[in-house]
Structure formats: structure tokens, C-alpha cells
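Text of target19.tsv (TSV, C-alpha atoms) as supplied:
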chain	number	residue	atom	x	y	z
E	1	MET	CA	13.29	-257.51	-50.10
E	2	ASP	CA	13.22	-253.72	-50.21
E	3	ASP	CA	10.62	-251.83	-52.17
E	4	MET	CA	11.29	-251.41	-55.88
E	5	TYR	CA	10.72	-248.21	-57.77
E	6	VAL	CA	9.43	-247.57	-61.27
E	7	ASN	CA	9.86	-243.94	-62.30
E	8	GLU	CA	10.07	-242.85	-58.64
E	9	LYS	CA	6.87	-244.71	-57.62
E	10	SER	CA	7.35	-247.31	-54.89
E	11	TYR	CA	6.07	-250.90	-55.10
E	12	LYS	CA	6.24	-253.44	-52.29
E	13	VAL	CA	7.59	-256.80	-53.42
E	14	ILE	CA	5.27	-259.68	-52.52
E	15	LYS	CA	7.29	-262.50	-54.10
E	16	LEU	CA	9.53	-263.56	-56.96
E	17	LEU	CA	7.38	-265.04	-59.72
E	18	GLY	CA	10.11	-266.23	-62.03
E	19	HIS	CA	13.50	-265.79	-63.60
E	20	GLY	CA	13.94	-265.96	-67.34
E	21	LYS	CA	16.67	-265.34	-69.85
E	22	GLY	CA	15.87	-261.61	-69.89
E	23	GLY	CA	14.93	-260.71	-66.35
E	24	TYR	CA	13.37	-261.38	-62.97
E	25	SER	CA	9.60	-260.99	-62.56
E	26	TYR	CA	8.17	-260.01	-59.19
E	27	LEU	CA	4.62	-259.78	-57.91
E	28	VAL	CA	4.38	-256.28	-56.44
E	29	THR	CA	1.72	-253.98	-55.02
E	30	ASP	CA	1.20	-250.26	-54.69
E	31	GLY	CA	-1.01	-250.97	-51.66
E	32	VAL	CA	-4.15	-251.01	-53.79
E	33	LYS	CA	-3.51	-253.28	-56.75
E	34	GLU	CA	-1.09	-256.08	-57.69
E	35	TYR	CA	1.25	-255.85	-60.69
E	36	VAL	CA	4.20	-257.65	-62.20
E	37	LEU	CA	7.49	-255.79	-62.13
E	38	LYS	CA	10.12	-257.14	-64.49
E	39	GLN	CA	13.70	-256.24	-63.70
E	40	ILE	CA	15.93	-256.70	-66.74
E	41	HIS	CA	19.17	-258.58	-66.01
E	42	HIS	CA	22.37	-258.98	-67.99
E	43	GLU	CA	23.25	-262.54	-67.07
E	44	PRO	CA	24.77	-264.53	-69.93
E	45	CYS	CA	22.52	-266.79	-71.98
E	46	SER	CA	24.29	-269.37	-74.12
E	47	TYR	CA	21.39	-269.99	-76.53
E	48	TYR	CA	20.00	-266.48	-77.11
E	49	GLN	CA	21.57	-263.19	-78.15
E	50	PHE	CA	20.10	-259.91	-76.94
E	51	GLY	CA	20.49	-256.35	-78.08
E	52	ASN	CA	19.11	-253.61	-75.83
E	53	LYS	CA	16.67	-255.63	-73.70
E	54	ILE	CA	14.42	-252.80	-72.53
E	55	GLU	CA	14.03	-251.49	-76.08
E	56	SER	CA	13.35	-255.05	-77.28
E	57	GLU	CA	10.62	-255.48	-74.65
E	58	MET	CA	8.91	-252.24	-75.72
E	59	ARG	CA	9.22	-253.05	-79.44
E	60	ASP	CA	8.00	-256.65	-78.97
E	61	TYR	CA	5.06	-255.50	-76.83
E	62	LYS	CA	3.98	-253.08	-79.54
E	63	ARG	CA	4.31	-255.77	-82.23
E	64	LEU	CA	2.28	-258.35	-80.28
E	65	LYS	CA	-0.36	-255.78	-79.34
E	66	GLU	CA	-0.81	-254.92	-83.03
E	67	ILE	CA	-1.10	-258.64	-83.86
E	68	GLY	CA	-3.75	-259.03	-81.13
E	69	ILE	CA	-2.13	-261.56	-78.78
E	70	PRO	CA	-3.85	-261.78	-75.36
E	71	MET	CA	-1.22	-260.54	-72.90
E	72	PRO	CA	-0.80	-258.25	-69.89
E	73	ILE	CA	-0.92	-254.51	-70.49
E	74	MET	CA	2.46	-252.75	-70.27
E	75	ILE	CA	1.66	-250.01	-67.75
E	76	GLU	CA	4.97	-248.23	-67.36
E	77	VAL	CA	8.64	-248.47	-68.32
E	78	ASP	CA	11.60	-247.13	-66.36
E	79	THR	CA	14.39	-247.18	-68.94
E	80	GLU	CA	17.02	-245.92	-66.49
E	81	LYS	CA	16.42	-248.74	-63.98
E	82	GLU	CA	15.50	-251.20	-66.77
E	83	ARG	CA	12.15	-252.06	-65.19
E	84	ILE	CA	8.76	-252.76	-66.69
E	85	LEU	CA	5.50	-252.59	-64.76
E	86	LYS	CA	2.74	-254.69	-66.26
E	87	GLU	CA	-0.72	-255.94	-65.50
E	88	TYR	CA	-0.84	-259.03	-63.28
E	89	ILE	CA	-2.68	-261.92	-64.91
E	90	LYS	CA	-3.58	-264.12	-61.95
E	91	GLY	CA	-3.68	-267.85	-62.61
E	92	GLU	CA	-1.59	-270.94	-63.06
E	93	THR	CA	0.90	-271.39	-65.86
E	94	ILE	CA	0.64	-274.06	-68.53
E	95	TYR	CA	3.84	-275.44	-66.94
E	96	ASP	CA	1.92	-275.89	-63.65
E	97	TYR	CA	-0.99	-277.53	-65.48
E	98	VAL	CA	1.37	-280.02	-67.15
E	99	LEU	CA	3.16	-280.78	-63.85
E	100	GLN	CA	-0.15	-281.38	-62.07
E	101	ASN	CA	-1.55	-283.44	-64.98
E	102	LYS	CA	-4.41	-280.90	-65.33
E	103	MET	CA	-3.71	-279.89	-68.93
E	104	LYS	CA	-6.82	-279.38	-71.06
E	105	GLN	CA	-7.05	-279.77	-74.82
E	106	GLU	CA	-8.84	-276.42	-74.98
E	107	TYR	CA	-5.60	-274.62	-73.99
E	108	ILE	CA	-3.77	-276.21	-76.92
E	109	GLU	CA	-6.69	-275.22	-79.17
E	110	GLN	CA	-6.41	-271.61	-77.92
E	111	MET	CA	-2.67	-271.74	-78.63
E	112	LYS	CA	-3.34	-272.96	-82.18
E	113	ILE	CA	-5.73	-270.03	-82.74
E	114	MET	CA	-3.01	-267.68	-81.46
E	115	CYS	CA	-0.52	-269.34	-83.83
E	116	LYS	CA	-2.70	-268.69	-86.89
E	117	VAL	CA	-2.58	-264.97	-86.14
E	118	LEU	CA	1.14	-265.04	-85.28
E	119	TYR	CA	2.16	-267.00	-88.37
E	120	ALA	CA	0.12	-264.71	-90.62
E	121	ALA	CA	2.16	-261.84	-89.12
E	122	LYS	CA	5.38	-263.87	-89.72
E	123	THR	CA	6.04	-263.99	-85.96
E	124	ASN	CA	6.96	-266.56	-83.34
E	125	ILE	CA	6.75	-266.13	-79.57
E	126	ASP	CA	8.46	-268.09	-76.81
E	127	TYR	CA	6.15	-271.08	-76.58
E	128	PHE	CA	7.70	-272.45	-73.37
E	129	PRO	CA	4.82	-273.26	-70.96
E	130	THR	CA	6.01	-270.95	-68.14
E	131	ASN	CA	5.17	-268.04	-70.46
E	132	PHE	CA	1.43	-268.78	-70.51
E	133	VAL	CA	-1.09	-268.21	-67.74
E	134	VAL	CA	-4.68	-269.41	-67.71
E	135	GLN	CA	-7.18	-267.02	-66.15
E	136	GLU	CA	-10.84	-268.05	-66.16
E	137	ASP	CA	-10.05	-270.67	-68.85
E	138	LYS	CA	-8.50	-268.04	-71.15
E	139	LEU	CA	-4.86	-268.35	-72.23
E	140	PHE	CA	-2.57	-265.31	-71.90
E	141	TYR	CA	1.00	-264.93	-73.15
E	142	ILE	CA	2.68	-263.21	-70.19
E	143	ASP	CA	6.07	-262.59	-71.82
E	144	TYR	CA	6.57	-260.03	-74.57
E	145	GLU	CA	9.39	-261.78	-76.43
E	146	CYS	CA	8.78	-262.36	-80.11
E	147	ASN	CA	10.91	-263.02	-83.15
E	148	ASP	CA	10.55	-263.28	-86.89
E	149	TYR	CA	8.92	-266.56	-87.86
E	150	MET	CA	11.15	-269.59	-88.32
E	151	GLU	CA	9.50	-272.96	-88.85
E	152	GLU	CA	11.91	-274.85	-86.57
E	153	TRP	CA	10.89	-272.62	-83.61
E	154	ASN	CA	7.13	-272.58	-84.20
E	155	PHE	CA	4.65	-274.14	-81.79
E	156	GLU	CA	4.17	-277.38	-83.75
E	157	ASN	CA	7.90	-278.09	-84.11
E	158	TRP	CA	9.23	-276.83	-80.77
E	159	GLY	CA	6.70	-275.47	-78.27
E	160	ILE	CA	4.28	-278.41	-78.22
E	161	LYS	CA	7.11	-280.63	-76.94
E	162	TYR	CA	6.78	-278.88	-73.57
E	163	TRP	CA	2.98	-278.76	-73.28
E	164	SER	CA	2.62	-282.31	-71.95
E	165	LEU	CA	4.68	-284.84	-70.00
E	166	THR	CA	7.01	-285.50	-72.92
E	167	LYS	CA	10.62	-286.64	-72.83
E	168	GLU	CA	11.71	-283.01	-73.42
E	169	PHE	CA	9.52	-281.69	-70.58
E	170	LEU	CA	10.81	-284.33	-68.15
E	171	GLU	CA	14.42	-283.65	-69.18
E	172	TYR	CA	13.85	-279.95	-68.48
E	173	ILE	CA	12.47	-280.73	-65.00
E	174	ASN	CA	15.44	-283.00	-64.25
E	175	SER	CA	17.90	-280.31	-65.40
E	176	LYS	CA	16.49	-277.94	-62.75
E	177	LYS	CA	17.09	-280.31	-59.83

Would you kindly transcribe this structure into C-alpha cells?
Amino acid sequence: MDDMYVNEKSYKVIKLLGHGKGGYSYLVTDGVKEYVLKQIHHEPCSYYQFGNKIESEMRDYKRLKEIGIPMPIMIEVDTEKERILKEYIKGETIYDYVLQNKMKQEYIEQMKIMCKVLYAAKTNIDYFPTNFVVQEDKLFYIDYECNDYMEEWNFENWGIKYWSLTKEFLEYINSKK
């Protein structure tokens, strides 16, 4: 893949990290340090409605930063190219831990602590396990998406269903084959 630019600065793409409902995330380097570059996409999503995605990312980042959620620093935004450069949190995702049967109770406990702060701020995040990375046994939310709190979409009623080898998790895996 060719280099990608954020505000005229070039980054070499190392690999695709993931593809979500809002964009593609790439591991990139400036030759010195590694970063995540998120390229916003406009592919249809049947279960989620977006407004201006780049503005949403910036607004959600600010909201979560004020709440105090551990997450990667937003380094730079290129609104014209719809790209976000953020800190790279190196580690495995909760999704990987579940797949490899390496999940630890302490990660769920860290999530519950995060939830107390989120719920007090009347906020939910996307609790799907691909959105969480563990670095040195600390849990980070690597997405910036957040929404106003709704009980049906909180961690206890929705997210937890994907944090172990549940029926829902296994159905998700099978849907990707």
C-alpha cells in the first residue's frame, strides 16, 4: 500500500489493524514511531446511523477524555482527507484473549470500574471486545465512539455477552467465516 498522509505528513503503512463500522485502522510509522491512522469510510451500516463521522470522532474523543477513559491520544486530525492519527496502544485485544481462552477476570473488573465512571456521565461506549487492548495488564478503549447512556446497550446487558465464549460470541465468529 502507498504511504498515507495526514495534513501533508507522510506515514508508511505497516498493516491493516481492523475495519469497523466507521473506518479502517492502519498501523503506520513516520520512520521513528508507530501510530494508528484511522481512515473514515462511508460504507453503509444497517444497524447504526452516522452524522458527520470526523466531527463525531473529535466530539466523542473530547467527551471520553473529560470522563477519564483510558484511551489512545488523538494526535492529529485531517478533516479534508477524513483521517485521524492516534497513539498506538500495543497489545492484544480482548477479542484475542477470548479466542485464545486467555481472558482474565481482572480485565472485566477494570471494565466495571470504567463503567462506573461512564454511567455517572450518562455515557455508553462500544463494548465489543475488538475495541479494547490490554497493554501491561491495563485495559484501554481504543475506539472513540460513545453515545448517551441506554440501559439496553450498557456493558452488563450487551457488552459482557462478547467477553467470553458465549453463544453470541461464537455466532459472531461464525458470521465472519

query: Which residue out of E:Asp137, E:Glu171, E:Glu66, E:Asp2 has the minimum interatomic distance to Tyr97 of chain E when all atoms listed in the file are used?
result: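 Closest to Tyr97 of chain E, using all atoms listed in the file: E:Asp137.
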
query: Taking into account only C-alpha atoms, which residue in the set E:Glu57, E:Asp148, E:Glu43, E:Asp126 is nearest to Ile84 of chain E?
result: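 Nearest to Ile84 of chain E: E:Glu57.
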
For Asp96 of chain E, please output as a PDB file with C-alpha atoms, in the coordinates of the input all residues within 12 Å (counting all atoms listed in the file; exclusion window: fewer than 4 positions along the same chain).
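Contents of part11.pdb, as written:
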ATOM      1  CA  GLY E  91      -3.680-267.850 -62.610  1.00  0.00           C
ATOM      2  CA  GLU E  92      -1.590-270.940 -63.060  1.00  0.00           C
ATOM      3  CA  GLN E 100      -0.150-281.380 -62.070  1.00  0.00           C
ATOM      4  CA  ASN E 101      -1.550-283.440 -64.980  1.00  0.00           C
ATOM      5  CA  LYS E 102      -4.410-280.900 -65.330  1.00  0.00           C
ATOM      6  CA  MET E 103      -3.710-279.890 -68.930  1.00  0.00           C
ATOM      7  CA  LYS E 104      -6.820-279.380 -71.060  1.00  0.00           C
ATOM      8  CA  PHE E 128       7.700-272.450 -73.370  1.00  0.00           C
ATOM      9  CA  PRO E 129       4.820-273.260 -70.960  1.00  0.00           C
ATOM     10  CA  THR E 130       6.010-270.950 -68.140  1.00  0.00           C
ATOM     11  CA  ASN E 131       5.170-268.040 -70.460  1.00  0.00           C
ATOM     12  CA  PHE E 132       1.430-268.780 -70.510  1.00  0.00           C
ATOM     13  CA  VAL E 133      -1.090-268.210 -67.740  1.00  0.00           C
ATOM     14  CA  VAL E 134      -4.680-269.410 -67.710  1.00  0.00           C
ATOM     15  CA  TYR E 162       6.780-278.880 -73.570  1.00  0.00           C
ATOM     16  CA  TRP E 163       2.980-278.760 -73.280  1.00  0.00           C
ATOM     17  CA  SER E 164       2.620-282.310 -71.950  1.00  0.00           C
ATOM     18  CA  LEU E 165       4.680-284.840 -70.000  1.00  0.00           C
ATOM     19  CA  PHE E 169       9.520-281.690 -70.580  1.00  0.00           C
ATOM     20  CA  ILE E 173      12.470-280.730 -65.000  1.00  0.00           C
TER      21      ILE E 173
END

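Non-sequential neighbours of Cys115 of chain E (distance at most 12 Å, separation of 5 or more positions within a chain, all atoms listed in the file) are Leu64, Ile67, Gly68, Ile69, Pro70, Ile108, Glu109, Gln110, Ala120, Ala121, Lys122, Thr123, Asn124, Ile125, Asp126, Tyr127, Tyr141, Tyr149, Glu151, Trp153, Asn154, Phe155, Glu156, Gly159 and Ile160 of chain E.
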
Atom CA of Tyr61 of chain E to atom CA of Glu82 of chain E, distance in Å rounded to a single decimal: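 Here the two named atoms are 15.1 Å from each other.
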
message: Please determine, counting all atoms listed in the file, which residue among E:Ile40, E:Lys116, E:Arg83, E:Cys146 has the shortest atom-to-atom distance to Lys62 of chain E.
response: E:Cys146

message: Excluding Tyr11 of chain E and its own-chain neighbours fewer than 6 positions away, which residues fall within 7 Å of it when counting only C-alpha atoms? Please give them as a PyMOL selection string.
response: chain E and resi 3-5+28-30

message: I'd like the interatomic distance between atom CA of Tyr24 of chain E and atom CA of Leu118 of chain E, to a tenth of an Å.
response: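 Between atom CA of Tyr24 of chain E and atom CA of Leu118 of chain E the gap is 25.7 Å.
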
message: Could you tell me how far atom CA of Glu145 of chain E sits from atom CA of Arg63 of chain E, in Å to one decimal place?
response: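 Atom CA of Glu145 of chain E lies at a distance of 9.8 Å from atom CA of Arg63 of chain E.
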
Extract, using all atoms listed in the file, all DNA, RNA and protein residues at most 12 Å from Asp78 of chain E, discarding same-chain residues fewer than 6 positions from it, and format them as a compact mmCIF listing (two decimals) with C-alpha atoms, keeping the file's coordinate frame.
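Saved as around.txt:
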# COMPACT_ATOMS: atom_id res chain seq x y z
CA MET E 4 11.29 -251.41 -55.88
CA TYR E 5 10.72 -248.21 -57.77
CA VAL E 6 9.43 -247.57 -61.27
CA ASN E 7 9.86 -243.94 -62.30
CA GLU E 8 10.07 -242.85 -58.64
CA LYS E 9 6.87 -244.71 -57.62
CA LEU E 37 7.49 -255.79 -62.13
CA LYS E 38 10.12 -257.14 -64.49
CA GLN E 39 13.70 -256.24 -63.70
CA ILE E 40 15.93 -256.70 -66.74
CA ILE E 54 14.42 -252.80 -72.53
CA GLU E 55 14.03 -251.49 -76.08
CA GLU E 57 10.62 -255.48 -74.65
CA MET E 58 8.91 -252.24 -75.72
CA ILE E 84 8.76 -252.76 -66.69
CA LEU E 85 5.50 -252.59 -64.76
CA LYS E 86 2.74 -254.69 -66.26

Could I get segment 17-63 of chain E from the block written as a short mmCIF file (atom, residue, chain, number, x, y, z; two decimals), in the first residue's frame, with C-alpha atoms?
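Output contents, as saved in part.cif:
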data_model
loop_
_atom_site.label_atom_id
_atom_site.label_comp_id
_atom_site.auth_asym_id
_atom_site.auth_seq_id
_atom_site.Cartn_x
_atom_site.Cartn_y
_atom_site.Cartn_z
CA LEU E 17 -5.31 -3.43 12.01
CA GLY E 18 -9.05 -3.56 11.57
CA HIS E 19 -12.19 -2.43 9.82
CA GLY E 20 -15.14 -1.14 11.78
CA LYS E 21 -18.45 0.49 11.05
CA GLY E 22 -16.80 3.92 10.86
CA GLY E 23 -13.43 3.36 9.24
CA TYR E 24 -10.28 1.39 8.56
CA SER E 25 -7.44 1.47 11.11
CA TYR E 26 -3.86 1.03 9.95
CA LEU E 27 -0.62 0.63 11.86
CA VAL E 28 1.67 3.29 10.37
CA THR E 29 5.09 4.78 11.04
CA ASP E 30 6.82 8.06 10.40
CA GLY E 31 10.13 6.17 10.44
CA VAL E 32 10.65 6.85 14.14
CA LYS E 33 7.45 5.91 15.94
CA GLU E 34 4.36 3.78 15.27
CA TYR E 35 0.84 5.22 15.23
CA VAL E 36 -2.69 4.23 14.29
CA LEU E 37 -4.16 6.03 11.31
CA LYS E 38 -7.92 5.77 11.01
CA GLN E 39 -9.38 6.42 7.59
CA ILE E 40 -13.08 7.24 7.81
CA HIS E 41 -15.24 5.33 5.31
CA HIS E 42 -18.81 5.83 4.14
CA GLU E 43 -19.84 2.22 3.71
CA PRO E 44 -23.45 1.53 4.71
CA CYS E 45 -24.15 0.17 8.18
CA SER E 46 -27.60 -1.33 8.69
CA TYR E 47 -27.62 -1.07 12.50
CA TYR E 48 -26.03 2.34 13.13
CA GLN E 49 -26.73 5.83 11.81
CA PHE E 50 -23.91 8.35 11.48
CA GLY E 51 -23.83 12.08 11.07
CA ASN E 52 -20.51 13.69 10.16
CA LYS E 53 -18.09 10.93 11.20
CA ILE E 54 -14.94 13.01 11.58
CA GLU E 55 -16.77 15.58 13.73
CA SER E 56 -18.28 12.73 15.77
CA GLU E 57 -14.83 11.24 16.37
CA MET E 58 -13.46 14.58 17.60
CA ARG E 59 -16.52 15.27 19.78
CA ASP E 60 -16.54 11.74 21.24
CA TYR E 61 -12.79 11.87 21.95
CA LYS E 62 -13.23 15.12 23.87
CA ARG E 63 -16.18 13.68 25.84
#
